Amino acid sequence: MRKQKKYTVKQLNEINYLNKELASALENLDAKNQEIQEIVVTDKLTGLYNRNYLFTVLEDEIYRCQRYNSKLSLMMIDLDDFKSVNDEYGHLVGDKMLSALGSFLKLKLRKTDRSFRYGGEEFVIILPETEIAVANIIANRIREEYPKQVFTINENDNTKIIEISRTLSIGITYYKEGCTCQDLLKQADKALYEAKSQGKNKVIRYDLS
């Protein structure tokens, strides 16, 4: 009986050990899955969310507006005269500038906002629980501060330093009853086009354009 009891205790200890190992393995697996998911929804160049994930998040936010009567604003940003950077300094420099812009947006936005690379040099910002007037203030702050970001490159075997800065054009809109993802993106794009047409480095609200 004593031998049997000792054997049983030993078994229980082994089972407890195996359970702990299993729990640890499951935690590691969950962490890996989250890491993979983050990679899937992230734009590699800018570190922001990618275009595919934009539609998922935007649909969720529209649903919240419909169900809880929440506020929602959306911002579309375009880097002014970006083509000239690629033409004059090459696409590698252009990529570095886009990457730096991604970091700048992360720094300037609120924790509740989500930023996405929409395509090329265009970016979309989703601002949940945000009135259009507040979105306008945030957009203008971004527009005013970004030109102060000077991008430095070296040319001619590091003997010549060139400083580059650009401006941003921004179109903003907000959720209205019945709006779809495509509606909001088209509205923001129209406002952005108007900002470009008016000489760039501007913020245009769709409801006033």
# chains A, B, ... in the order shown; residues from 1 in each chain; ligands from 1

call {"tool": "select_by_dssp", "arguments": {"residues": "range 2-109 of chain A", "states": "alpha helix (DSSP H)", "output": "VMD selection string"}}
result
chain A and resid 2 to 40 51 to 68 82 to 89 91 to 108

call {"tool": "write_last_selection", "arguments": {"atoms": "C-alpha atoms", "output": "short mmCIF file (atom, residue, chain, number, x, y, z; two decimals), in the first residue's frame"}}
result
data_model
loop_
_atom_site.label_atom_id
_atom_site.label_comp_id
_atom_site.auth_asym_id
_atom_site.auth_seq_id
_atom_site.Cartn_x
_atom_site.Cartn_y
_atom_site.Cartn_z
CA ARG A 2 2.81 2.39 0.91
CA LYS A 3 4.62 1.57 -2.32
CA GLN A 4 1.40 2.05 -4.27
CA LYS A 5 0.79 5.41 -2.56
CA LYS A 6 4.31 6.63 -3.34
CA TYR A 7 3.92 5.54 -6.92
CA THR A 8 0.63 7.42 -7.21
CA VAL A 9 2.15 10.63 -5.75
CA LYS A 10 5.00 10.35 -8.23
CA GLN A 11 2.50 9.99 -11.04
CA LEU A 12 0.58 13.04 -9.86
CA ASN A 13 3.77 15.08 -9.78
CA GLU A 14 4.58 14.00 -13.32
CA ILE A 15 1.05 14.89 -14.45
CA ASN A 16 1.32 18.33 -12.82
CA TYR A 17 4.66 18.88 -14.53
CA LEU A 18 3.24 17.85 -17.90
CA ASN A 19 0.22 20.12 -17.41
CA LYS A 20 2.51 23.08 -16.72
CA GLU A 21 4.56 22.26 -19.82
CA LEU A 22 1.38 22.01 -21.89
CA ALA A 23 0.07 25.33 -20.55
CA SER A 24 3.39 26.99 -21.37
CA ALA A 25 3.36 25.51 -24.88
CA LEU A 26 -0.20 26.78 -25.46
CA GLU A 27 0.79 30.27 -24.29
CA ASN A 28 3.73 30.28 -26.69
CA LEU A 29 1.48 29.06 -29.50
CA ASP A 30 -1.05 31.81 -28.77
CA ALA A 31 1.72 34.42 -28.80
CA LYS A 32 2.99 33.08 -32.13
CA ASN A 33 -0.51 33.16 -33.60
CA GLN A 34 -0.91 36.78 -32.52
CA GLU A 35 2.47 37.60 -34.03
CA ILE A 36 1.47 35.98 -37.33
CA GLN A 37 -1.86 37.80 -37.32
CA GLU A 38 -0.06 41.09 -36.77
CA ILE A 39 2.22 40.37 -39.73
CA VAL A 40 -0.78 39.56 -41.96
CA ARG A 51 -5.36 48.13 -47.05
CA ASN A 52 -7.08 44.76 -46.59
CA TYR A 53 -7.37 45.22 -42.84
CA LEU A 54 -8.73 48.74 -43.38
CA PHE A 55 -12.02 47.37 -44.72
CA THR A 56 -12.38 44.96 -41.80
CA VAL A 57 -11.88 47.72 -39.22
CA LEU A 58 -14.04 50.23 -41.08
CA GLU A 59 -16.94 47.79 -41.36
CA ASP A 60 -16.71 47.13 -37.62
CA GLU A 61 -16.74 50.85 -36.84
CA ILE A 62 -19.71 51.48 -39.13
CA TYR A 63 -21.57 48.68 -37.36
CA ARG A 64 -20.87 50.39 -34.03
CA CYS A 65 -22.24 53.65 -35.41
CA GLN A 66 -25.40 51.92 -36.57
CA ARG A 67 -25.96 50.04 -33.32
CA TYR A 68 -24.85 52.57 -30.71
CA PHE A 82 6.15 62.48 -53.72
CA LYS A 83 6.82 61.51 -57.33
CA SER A 84 9.59 64.10 -57.50
CA VAL A 85 11.37 62.34 -54.60
CA ASN A 86 11.40 59.05 -56.48
CA ASP A 87 12.41 60.77 -59.72
CA GLU A 88 15.26 62.80 -58.24
CA TYR A 89 16.62 60.52 -55.52
CA HIS A 91 12.76 54.68 -54.97
CA LEU A 92 14.94 53.60 -52.05
CA VAL A 93 14.88 57.14 -50.68
CA GLY A 94 11.16 57.32 -51.41
CA ASP A 95 10.58 54.15 -49.43
CA LYS A 96 12.53 55.55 -46.49
CA MET A 97 10.41 58.69 -46.56
CA LEU A 98 7.19 56.65 -46.55
CA SER A 99 8.50 54.60 -43.65
CA ALA A 100 9.31 57.79 -41.74
CA LEU A 101 5.82 59.14 -42.45
CA GLY A 102 4.34 55.96 -40.98
CA SER A 103 6.32 56.54 -37.78
CA PHE A 104 5.27 60.19 -37.71
CA LEU A 105 1.57 59.30 -37.96
CA LYS A 106 1.86 56.74 -35.17
CA LEU A 107 3.42 59.39 -32.96
CA LYS A 108 0.88 62.12 -33.69
#

call {"tool": "residues_around", "arguments": {"residues": "range 109-112 of chain A", "least_positions_apart": "6", "cutoff": "9 Å", "atoms": "only C-alpha atoms", "output": "PyMOL selection string"}}
result
chain A and resi 125-129+138+142

call {"tool": "residues_around", "arguments": {"residues": "Val150 in chain A", "least_positions_apart": "3", "cutoff": "10 Å", "atoms": "only C-alpha atoms", "output": "CSV table (one decimal) with C-alpha atoms, in the first residue's frame"}}
result
chain,number,residue,atom,x,y,z
A,97,MET,CA,10.4,58.7,-46.6
A,146,TYR,CA,4.7,67.3,-40.9
A,147,PRO,CA,6.7,69.9,-43.0
A,153,ILE,CA,20.1,61.8,-47.4
A,162,ILE,CA,20.6,66.9,-48.9
A,163,GLU,CA,17.6,67.8,-46.8
A,164,ILE,CA,14.1,67.0,-48.1
A,165,SER,CA,10.8,68.0,-46.7
A,166,ARG,CA,7.3,67.7,-48.1

call {"tool": "closest_residue", "arguments": {"among": "A:Leu168, A:Cys179, A:Ala133, A:Leu184", "to": "Asp81 in chain A", "atoms": "only C-alpha atoms"}}
result
A:Leu168

call {"tool": "closest_residue", "arguments": {"among": "A:Met75, A:Ile161, A:Ile204, A:Ile132", "to": "Lys176 in chain A", "atoms": "only C-alpha atoms"}}
result
A:Ile132

call {"tool": "select_by_dssp", "arguments": {"residues": "range 150-198 of chain A", "states": "strand (DSSP E or B)", "output": "PDB file with C-alpha atoms, in the first residue's frame"}}
result
ATOM      1  CA  PHE A 151      14.510  63.932 -44.229  1.00  0.00           C
ATOM      2  CA  THR A 152      18.296  63.834 -44.684  1.00  0.00           C
ATOM      3  CA  ILE A 153      20.102  61.820 -47.362  1.00  0.00           C
ATOM      4  CA  ASN A 154      23.722  61.591 -48.436  1.00  0.00           C
ATOM      5  CA  GLU A 155      24.853  61.881 -52.042  1.00  0.00           C
ATOM      6  CA  LYS A 160      26.953  65.998 -50.002  1.00  0.00           C
ATOM      7  CA  ILE A 161      24.047  66.107 -47.572  1.00  0.00           C
ATOM      8  CA  ILE A 162      20.587  66.882 -48.934  1.00  0.00           C
ATOM      9  CA  GLU A 163      17.613  67.777 -46.785  1.00  0.00           C
ATOM     10  CA  ILE A 164      14.125  66.991 -48.069  1.00  0.00           C
ATOM     11  CA  LEU A 168       0.532  66.784 -46.801  1.00  0.00           C
ATOM     12  CA  SER A 169      -2.897  67.185 -48.354  1.00  0.00           C
ATOM     13  CA  ILE A 170      -5.775  65.772 -46.317  1.00  0.00           C
ATOM     14  CA  GLY A 171      -9.433  65.056 -47.004  1.00  0.00           C
ATOM     15  CA  ILE A 172     -11.778  64.290 -44.120  1.00  0.00           C
ATOM     16  CA  THR A 173     -15.338  63.047 -43.819  1.00  0.00           C
ATOM     17  CA  TYR A 174     -17.633  61.518 -41.210  1.00  0.00           C
TER      18      TYR A 174
END

call {"tool": "residues_around", "arguments": {"residues": "Lys186 in chain A", "least_positions_apart": "6", "cutoff": "10 Å", "atoms": "only C-alpha atoms", "output": "list in words"}}
result
Met76, Thr173, Thr180, Leu192 and Tyr206 of chain A

call {"tool": "atom_distance", "arguments": {"atom1": "CA of Phe123 in chain A", "atom2": "CA of Leu185 in chain A"}}
result
11.0 Å

call {"tool": "closest_residue", "arguments": {"among": "A:Val134, A:Ala195, A:Leu48, A:Val41", "to": "Ser73 in chain A", "atoms": "only C-alpha atoms"}}
result
A:Val134

call {"tool": "residues_around", "arguments": {"residues": "Glu144 in chain A", "least_positions_apart": "3", "cutoff": "9 Å", "atoms": "only C-alpha atoms", "output": "list of chain:residue names"}}
result
A:Ala139, A:Asn140, A:Arg141, A:Pro147, A:Lys148, A:Thr167, A:Leu168, A:Asn201
